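Text of data_24.tsv (TSV, C-alpha atoms) as supplied:
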chain	number	residue	atom	x	y	z
A	1	MET	CA	-15.28	-72.13	9.37
A	2	LYS	CA	-16.90	-68.85	10.40
A	3	ARG	CA	-20.65	-68.79	10.96
A	4	GLN	CA	-22.49	-66.18	8.93
A	5	GLY	CA	-25.60	-64.12	9.23
A	6	THR	CA	-28.06	-63.67	12.04
A	7	LEU	CA	-25.80	-62.95	15.03
A	8	ALA	CA	-24.98	-59.49	13.73
A	9	ASN	CA	-28.66	-58.60	13.96
A	10	PHE	CA	-28.51	-58.76	17.75
A	11	PHE	CA	-26.04	-55.85	18.01
A	12	GLN	CA	-26.93	-52.21	17.75
A	13	PRO	CA	-24.83	-50.34	15.16
A	14	SER	CA	-24.55	-47.30	17.45
A	15	ASN	CA	-22.78	-48.88	20.41
A	16	LYS	CA	-22.49	-52.60	19.66
A	17	ARG	CA	-24.23	-53.58	22.89
A	18	PRO	CA	-26.67	-56.51	22.66
A	19	ARG	CA	-30.27	-55.37	22.44
A	20	TYR	CA	-31.45	-58.21	24.64
A	21	GLU	CA	-29.34	-57.23	27.69
A	22	LYS	CA	-30.92	-54.44	29.73
A	23	GLU	CA	-28.55	-51.62	30.62
A	24	ASN	CA	-30.27	-51.05	33.97
A	25	LYS	CA	-30.39	-54.72	34.98
A	26	THR	CA	-30.09	-55.20	38.73
A	27	ILE	CA	-27.18	-57.47	39.60
A	28	VAL	CA	-27.67	-59.53	42.77
A	29	TRP	CA	-24.35	-60.56	44.28
A	30	LYS	CA	-23.89	-63.55	46.56
A	31	SER	CA	-20.78	-63.77	48.72
A	32	ILE	CA	-18.80	-66.37	50.65
A	33	SER	CA	-16.39	-65.22	53.32
A	34	ARG	CA	-14.82	-67.75	55.70
A	35	ASN	CA	-11.34	-68.97	56.59
A	36	ASN	CA	-9.79	-66.42	54.19
A	37	LEU	CA	-12.06	-67.55	51.37
A	38	ASP	CA	-13.34	-64.29	49.90
A	39	VAL	CA	-15.48	-64.62	46.76
A	40	ARG	CA	-18.66	-63.17	45.33
A	41	PHE	CA	-20.66	-64.13	42.29
A	42	ALA	CA	-23.71	-63.08	40.31
A	43	SER	CA	-25.57	-63.71	37.08
A	44	ILE	CA	-24.63	-60.80	34.80
A	45	PHE	CA	-25.93	-62.08	31.44
A	46	ASN	CA	-29.28	-63.74	30.80
A	47	PRO	CA	-29.35	-67.14	29.00
A	48	VAL	CA	-30.06	-65.66	25.55
A	49	CYS	CA	-27.24	-63.14	25.85
A	50	SER	CA	-24.90	-65.81	27.22
A	51	ARG	CA	-25.68	-68.16	24.36
A	52	LEU	CA	-25.01	-65.51	21.73
A	53	TYR	CA	-21.72	-64.51	23.32
A	54	PHE	CA	-20.78	-68.19	23.43
A	55	VAL	CA	-21.50	-68.66	19.72
A	56	LYS	CA	-19.63	-65.47	18.78
A	57	LEU	CA	-16.58	-66.60	20.76
A	58	GLU	CA	-16.69	-70.02	19.15
A	59	ASP	CA	-16.22	-68.19	15.85
A	60	GLU	CA	-13.52	-65.79	16.98
A	61	LEU	CA	-11.19	-67.61	19.36
A	62	GLU	CA	-7.92	-69.22	18.31
A	63	TYR	CA	-6.63	-71.77	20.80
A	64	LEU	CA	-3.02	-72.44	21.70
A	65	ALA	CA	-1.28	-75.53	20.39
A	66	GLY	CA	2.03	-77.39	20.63
A	67	ARG	CA	4.14	-76.71	23.72
A	68	LEU	CA	1.84	-73.83	24.67
A	69	ALA	CA	-0.92	-76.41	25.16
A	70	ARG	CA	1.09	-78.17	27.87
A	71	VAL	CA	1.87	-77.49	31.53
A	72	LYS	CA	4.87	-78.38	33.66
A	73	VAL	CA	4.17	-80.47	36.77
A	74	PHE	CA	7.04	-81.83	38.86
A	75	ASP	CA	9.52	-81.13	36.02
A	76	LYS	CA	7.43	-83.03	33.47
A	77	TYR	CA	5.21	-81.57	30.76
A	78	HIS	CA	1.64	-82.77	30.35
A	79	ASN	CA	-1.08	-81.98	27.82
A	80	ILE	CA	-3.71	-79.62	29.20
A	81	PRO	CA	-7.06	-81.50	29.54
A	82	ARG	CA	-8.99	-78.72	27.76
A	83	LYS	CA	-8.39	-76.03	25.12
A	84	HIS	CA	-7.15	-72.61	26.14
A	85	ALA	CA	-6.34	-69.23	24.61
A	86	ALA	CA	-4.82	-65.95	25.81
A	87	TYR	CA	-5.93	-62.46	24.76
A	88	GLY	CA	-5.08	-58.99	26.04
A	89	ASP	CA	-3.38	-55.66	25.56
A	90	ASP	CA	-0.36	-55.34	23.29
A	91	GLY	CA	2.79	-56.84	24.83
A	92	VAL	CA	1.10	-58.55	27.78
A	93	LYS	CA	2.53	-61.95	28.73
A	94	TYR	CA	1.40	-64.43	31.36
A	95	THR	CA	3.37	-67.28	32.92
A	96	TYR	CA	1.80	-70.27	34.63
A	97	SER	CA	2.85	-73.89	35.24
A	98	GLY	CA	6.18	-73.34	33.49
A	99	VAL	CA	4.64	-71.91	30.32
A	100	THR	CA	4.76	-68.26	29.16
A	101	VAL	CA	2.14	-67.12	26.65
A	102	SER	CA	1.83	-63.84	24.79
A	103	ALA	CA	-1.64	-62.34	24.52
A	104	LYS	CA	-3.34	-62.18	21.14
A	105	PRO	CA	-5.17	-58.89	20.35
A	106	TRP	CA	-8.66	-58.60	21.84
A	107	THR	CA	-11.52	-59.79	19.63
A	108	ASP	CA	-14.63	-57.62	19.28
A	109	THR	CA	-16.70	-59.92	21.49
A	110	LEU	CA	-14.04	-60.14	24.18
A	111	LEU	CA	-13.88	-56.35	24.29
A	112	LEU	CA	-17.66	-56.15	24.74
A	113	ILE	CA	-17.56	-58.64	27.60
A	114	LYS	CA	-14.52	-56.99	29.18
A	115	SER	CA	-16.27	-53.63	29.14
A	116	GLU	CA	-19.21	-55.03	31.10
A	117	VAL	CA	-16.97	-56.87	33.58
A	118	GLU	CA	-14.99	-53.67	34.19
A	119	ARG	CA	-18.18	-51.67	34.66
A	120	LEU	CA	-19.50	-54.11	37.25
A	121	THR	CA	-16.23	-54.52	39.14
A	122	ALA	CA	-14.92	-50.94	38.85
A	123	SER	CA	-11.60	-52.53	37.87
A	124	SER	CA	-9.41	-52.48	34.77
A	125	TYR	CA	-8.22	-55.70	33.09
A	126	ASN	CA	-5.53	-56.14	30.44
A	127	PHE	CA	-5.57	-59.94	29.99
A	128	VAL	CA	-8.00	-62.83	29.73
A	129	LEU	CA	-7.30	-66.57	29.76
A	130	VAL	CA	-10.04	-68.53	28.02
A	131	ASN	CA	-10.54	-72.22	28.79
A	132	ARG	CA	-12.83	-74.40	26.67
A	133	TYR	CA	-14.27	-77.56	28.18
A	134	ALA	CA	-15.69	-79.81	25.46
A	135	ASP	CA	-17.77	-81.77	27.99
A	136	GLY	CA	-17.55	-83.16	31.52
A	137	ASN	CA	-14.41	-85.13	30.72
A	138	ASP	CA	-12.41	-81.92	30.40
A	139	ARG	CA	-11.29	-80.57	33.75
A	140	MET	CA	-9.12	-78.12	35.67
A	141	GLY	CA	-6.82	-79.53	38.36
A	142	PHE	CA	-6.61	-77.88	41.77
A	143	HIS	CA	-4.27	-74.88	41.77
A	144	LYS	CA	-3.80	-71.33	42.99
A	145	ASP	CA	-3.78	-68.19	40.83
A	146	ASP	CA	-0.76	-66.75	42.63
A	147	GLU	CA	1.58	-65.82	39.80
A	148	LYS	CA	3.92	-62.97	40.63
A	149	GLU	CA	2.82	-60.75	37.74
A	150	LEU	CA	-0.78	-60.45	39.00
A	151	ASP	CA	-1.96	-57.13	40.39
A	152	LEU	CA	-3.29	-58.29	43.75
A	153	SER	CA	-5.33	-55.13	44.25
A	154	VAL	CA	-7.64	-56.21	41.42
A	155	PRO	CA	-9.96	-59.20	41.92
A	156	ILE	CA	-9.65	-62.07	39.47
A	157	ALA	CA	-12.89	-62.09	37.46
A	158	SER	CA	-14.10	-65.41	36.05
A	159	LEU	CA	-17.04	-65.53	33.62
A	160	SER	CA	-18.79	-68.80	32.69
A	161	LEU	CA	-20.63	-69.37	29.41
A	162	GLY	CA	-22.25	-72.64	28.36
A	163	ALA	CA	-22.80	-75.80	30.38
A	164	PRO	CA	-22.99	-75.47	34.19
A	165	ARG	CA	-19.96	-76.87	36.01
A	166	ASP	CA	-18.95	-77.31	39.64
A	167	PHE	CA	-16.26	-74.88	40.81
A	168	VAL	CA	-14.62	-76.31	43.91
A	169	PHE	CA	-12.48	-74.56	46.51
A	170	LYS	CA	-10.22	-76.73	48.70
A	171	TYR	CA	-8.33	-75.41	51.72
A	172	GLN	CA	-4.54	-75.67	51.41
A	173	ASP	CA	-4.06	-77.64	54.67
A	174	PRO	CA	-6.05	-80.90	54.52
A	175	LYS	CA	-5.40	-81.47	58.23
A	176	ALA	CA	-7.20	-78.27	59.20
A	177	GLY	CA	-10.60	-79.90	58.87
A	178	ILE	CA	-12.01	-77.05	56.79
A	179	ARG	CA	-14.71	-78.19	54.40
A	180	ASN	CA	-14.60	-77.66	50.64
A	181	GLU	CA	-16.80	-75.04	49.04
A	182	THR	CA	-18.59	-75.89	45.78
A	183	ILE	CA	-20.29	-73.31	43.58
A	184	VAL	CA	-22.30	-74.36	40.54
A	185	LEU	CA	-21.39	-71.85	37.86
A	186	GLU	CA	-24.34	-71.41	35.54
A	187	THR	CA	-24.02	-69.72	32.16
A	188	GLY	CA	-23.66	-65.95	32.48
A	189	THR	CA	-22.22	-66.12	36.00
A	190	LEU	CA	-19.34	-63.84	36.98
A	191	LEU	CA	-17.25	-64.92	39.98
A	192	LEU	CA	-14.77	-62.59	41.70
A	193	MET	CA	-11.84	-63.86	43.79
A	194	GLU	CA	-10.16	-61.40	46.13
A	195	LYS	CA	-6.44	-61.67	46.88
A	196	GLU	CA	-6.58	-63.60	50.18
A	197	THR	CA	-8.41	-66.48	48.54
A	198	ASN	CA	-5.42	-67.59	46.49
A	199	ASN	CA	-3.13	-67.41	49.50
A	200	TYR	CA	-5.06	-70.11	51.35
A	201	TRP	CA	-7.30	-71.99	48.93
A	202	TYR	CA	-6.90	-74.14	45.84
A	203	HIS	CA	-9.63	-74.20	43.23
A	204	GLY	CA	-10.46	-76.52	40.37
A	205	ILE	CA	-13.15	-77.92	38.07
A	206	PRO	CA	-13.49	-81.71	38.48
A	207	LYS	CA	-14.75	-84.14	35.86
A	208	ARG	CA	-18.50	-84.55	35.59
A	209	LYS	CA	-19.49	-87.52	33.42
A	210	LYS	CA	-23.11	-86.41	33.14
A	211	CYS	CA	-22.10	-83.13	31.49
A	212	THR	CA	-22.27	-83.53	27.71
A	213	GLU	CA	-22.22	-79.89	26.58
A	214	PRO	CA	-19.29	-77.46	26.12
A	215	ARG	CA	-18.37	-74.60	28.43
A	216	LEU	CA	-16.22	-71.49	28.06
A	217	ASN	CA	-14.56	-69.82	31.02
A	218	LEU	CA	-13.07	-66.34	30.66
A	219	THR	CA	-10.72	-65.38	33.50
A	220	PHE	CA	-9.86	-61.68	33.44
A	221	ARG	CA	-6.66	-60.57	35.17
A	222	ARG	CA	-4.60	-57.42	35.62
A	223	ILE	CA	-0.93	-58.07	34.71
A	224	VAL	CA	1.59	-55.60	36.10
A	225	ASN	CA	5.23	-56.63	35.51
A	226	GLN	CA	5.52	-55.93	31.81
Starting from the file, give its structure as structure tokens.
Amino acid sequence: MKRQGTLANFFQPSNKRPRYEKENKTIVWKSISRNNLDVRFASIFNPVCSRLYFVKLEDELEYLAGRLARVKVFDKYHNIPRKHAAYGDDGVKYTYSGVTVSAKPWTDTLLLIKSEVERLTASSYNFVLVNRYADGNDRMGFHKDDEKELDLSVPIASLSLGAPRDFVFKYQDPKAGIRNETIVLETGTLLLMEKETNNYWYHGIPKRKKCTEPRLNLTFRRIVNQ
């Protein structure tokens, strides 16, 4: 059921940008660069803005179901331990873990967020994969974003909205003695992964029993082999 009313009051009729997010806000980026791990992250939306985007997306998003809500691991299909949805430009498809999904048309809120992500990254994105974690029991297993259709010249941009969760990087060779890297992704945080990262590192979101609130993650990608 769609929520009605007050959210529309937070958007300016002239340009649809939220009134509560300053256009000239200074973004402070933090970076991690070691052993071919190349990431940077920053808070791009304040808590009020993040909350309103979260609520709007809860209204708008339609999640995948049936076989599209499963992944293939070692020739067996398993239910994905979270909800997910795919949106993007007309005709864009994305294949991962043995499943190919076609992008639904962008929603108004996704377009607003995409515009800000593109402005901050000076990159163009034509696809977003949205994952919804109901609470700390929902998780993301360790994996690499190394699908062949990704444009490697464009960083993968991952935006978090909602409950904070640990984002863990694990080096591909456990015998190398290279320590994990954990970043706590607070609401409104945008994380950028450059191409070398996915050549050498796995990343995932482990269970966290103490987390009782939902989280949305929006991972923007540039798909090229259409």
**Request:** Name all residues at most 7 Å from Lys83 (chain A) (count all atoms listed in the file; drop same-chain ones fewer than 5 positions away) and give them as a list in words.
**Result:**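 Selected residues are Tyr63, Asn131, Arg132 and Tyr133 of chain A.
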**Nearby residues (only C-alpha atoms) at most 7 Å from Val154 (chain A), same-chain spacing under 2 positions excluded, as number ranges by chain** = A: 123, 151-152, 156, 222
**Prompt:** Between CA of Cys49 (chain A) and CA of Arg165 (chain A), what is the distance, to one decimal in Å?
**Reply:**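 Atom-to-atom, CA of Cys49 (chain A) and CA of Arg165 (chain A) are spaced 18.6 Å apart.
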**Prompt:** Which distance in Å separates CA of Pro155 (chain A) and CA of Ala42 (chain A), to one decimal?
**Reply:**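 Interatomic distance, CA of Pro155 (chain A) to CA of Ala42 (chain A): 14.4 Å.
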**Prompt:** Between A:Val99, A:Leu159, A:Asn35, A:Leu190, which one has atoms that come closest to Gly177 (chain A), using all atoms listed in the file?
**Reply:** A:Asn35
**Complete:** If you count all atoms listed in the file, the residue of A:Lys148, A:Arg208, A:Lys195, A:Lys114 closest to Ala134 (chain A) turns out to be A:Arg208
**Item:** Distance of CA of Leu37 (chain A) from CA of Tyr202 (chain A), expressed in Å to one decimal place
**Value:**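 For CA of Tyr202 (chain A) relative to CA of Leu37 (chain A), the distance reads 10.0 Å.
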Take every atom of region 134-138 of chain A listed in the file, pad by 4 Å on each side, and give me the axis-aligned box centre and edge lengths in Å, one decimal, as JSON.
{"center_x": -15.1, "center_y": -82.5, "center_z": 28.5, "size_x": 13.4, "size_y": 13.3, "size_z": 14.1}
**Message:** Between A:Ile178, A:Leu64, A:Val168, A:Val55, which residue has the minimum interatomic distance to Val101 (chain A), considering only C-alpha atoms?
**Reply:**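 Residue with the minimum atom-to-atom distance to Val101 (chain A): A:Leu64.
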List every protein, DNA or RNA residue that has at least one atom no more than 9 Å from (3.4, -59.2, 21.8) in the file's coordinates, counting all atoms listed in the file, and write the result as a PDB file with C-alpha atoms, in the coordinates of the input.
ATOM      1  CA  ASP A  89      -3.380 -55.660  25.560  1.00  0.00           C
ATOM      2  CA  ASP A  90      -0.360 -55.340  23.290  1.00  0.00           C
ATOM      3  CA  GLY A  91       2.790 -56.840  24.830  1.00  0.00           C
ATOM      4  CA  VAL A  92       1.100 -58.550  27.780  1.00  0.00           C
ATOM      5  CA  LYS A  93       2.530 -61.950  28.730  1.00  0.00           C
ATOM      6  CA  SER A 102       1.830 -63.840  24.790  1.00  0.00           C
ATOM      7  CA  ALA A 103      -1.640 -62.340  24.520  1.00  0.00           C
ATOM      8  CA  LYS A 104      -3.340 -62.180  21.140  1.00  0.00           C
ATOM      9  CA  PRO A 105      -5.170 -58.890  20.350  1.00  0.00           C
TER      10      PRO A 105
END
**Prompt:** Which of these residues is nearest to His143 (chain A), using all atoms listed in the file: A:Ser43, A:Thr182, A:Thr187, A:Asn199?
**Reply:**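 With all atoms listed in the file as the atom set, the closest residue is A:Asn199.
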**Request:** Point out the residue among A:Val39, A:Phe220, A:Leu192, A:Asp59 with the least atom-to-atom distance to Ser115 (chain A), counting only C-alpha atoms.
**Result:** A:Phe220
**Message:** When you count all atoms listed in the file, which of these residues is closest to Met140 (chain A): A:Asn180, A:Thr109, A:Ser31, A:Asn217?
**Reply:** A:Asn217
Would you kindly place N, CA and C atoms on region 198-211 of chain A and return the model as a PDB file, in the coordinates of the input?
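Wrote it out as selection_27.pdb, contents follow:
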ATOM      1  N   ASN A 198      -6.477 -66.801  47.113  1.00  0.00           N
ATOM      2  CA  ASN A 198      -5.420 -67.590  46.490  1.00  0.00           C
ATOM      3  C   ASN A 198      -4.200 -67.787  47.387  1.00  0.00           C
ATOM      4  N   ASN A 199      -4.192 -67.149  48.536  1.00  0.00           N
ATOM      5  CA  ASN A 199      -3.130 -67.410  49.500  1.00  0.00           C
ATOM      6  C   ASN A 199      -3.405 -68.662  50.326  1.00  0.00           C
ATOM      7  N   TYR A 200      -4.681 -69.033  50.441  1.00  0.00           N
ATOM      8  CA  TYR A 200      -5.060 -70.110  51.350  1.00  0.00           C
ATOM      9  C   TYR A 200      -5.833 -71.253  50.698  1.00  0.00           C
ATOM     10  N   TRP A 201      -6.404 -71.010  49.528  1.00  0.00           N
ATOM     11  CA  TRP A 201      -7.300 -71.990  48.930  1.00  0.00           C
ATOM     12  C   TRP A 201      -6.858 -72.370  47.519  1.00  0.00           C
ATOM     13  N   TYR A 202      -7.010 -73.657  47.214  1.00  0.00           N
ATOM     14  CA  TYR A 202      -6.900 -74.140  45.840  1.00  0.00           C
ATOM     15  C   TYR A 202      -8.292 -74.144  45.227  1.00  0.00           C
ATOM     16  N   HIS A 203      -8.345 -74.052  43.905  1.00  0.00           N
ATOM     17  CA  HIS A 203      -9.630 -74.200  43.230  1.00  0.00           C
ATOM     18  C   HIS A 203      -9.452 -75.030  41.966  1.00  0.00           C
ATOM     19  N   GLY A 204     -10.527 -75.676  41.548  1.00  0.00           N
ATOM     20  CA  GLY A 204     -10.460 -76.520  40.370  1.00  0.00           C
ATOM     21  C   GLY A 204     -11.850 -76.871  39.863  1.00  0.00           C
ATOM     22  N   ILE A 205     -11.896 -77.472  38.685  1.00  0.00           N
ATOM     23  CA  ILE A 205     -13.150 -77.920  38.070  1.00  0.00           C
ATOM     24  C   ILE A 205     -13.006 -79.421  37.814  1.00  0.00           C
ATOM     25  N   PRO A 206     -13.624 -80.261  38.636  1.00  0.00           N
ATOM     26  CA  PRO A 206     -13.490 -81.710  38.480  1.00  0.00           C
ATOM     27  C   PRO A 206     -14.285 -82.251  37.303  1.00  0.00           C
ATOM     28  N   LYS A 207     -13.979 -83.477  36.915  1.00  0.00           N
ATOM     29  CA  LYS A 207     -14.750 -84.140  35.860  1.00  0.00           C
ATOM     30  C   LYS A 207     -16.192 -84.328  36.310  1.00  0.00           C
ATOM     31  N   ARG A 208     -17.094 -84.279  35.349  1.00  0.00           N
ATOM     32  CA  ARG A 208     -18.500 -84.550  35.590  1.00  0.00           C
ATOM     33  C   ARG A 208     -19.039 -85.322  34.388  1.00  0.00           C
ATOM     34  N   LYS A 209     -19.134 -86.645  34.537  1.00  0.00           N
ATOM     35  CA  LYS A 209     -19.490 -87.520  33.420  1.00  0.00           C
ATOM     36  C   LYS A 209     -20.851 -87.198  32.816  1.00  0.00           C
ATOM     37  N   LYS A 210     -21.762 -86.671  33.640  1.00  0.00           N
ATOM     38  CA  LYS A 210     -23.110 -86.410  33.140  1.00  0.00           C
ATOM     39  C   LYS A 210     -23.174 -85.139  32.283  1.00  0.00           C
ATOM     40  N   CYS A 211     -22.118 -84.350  32.291  1.00  0.00           N
ATOM     41  CA  CYS A 211     -22.100 -83.130  31.490  1.00  0.00           C
ATOM     42  C   CYS A 211     -21.681 -83.462  30.056  1.00  0.00           C
TER      43      CYS A 211
END
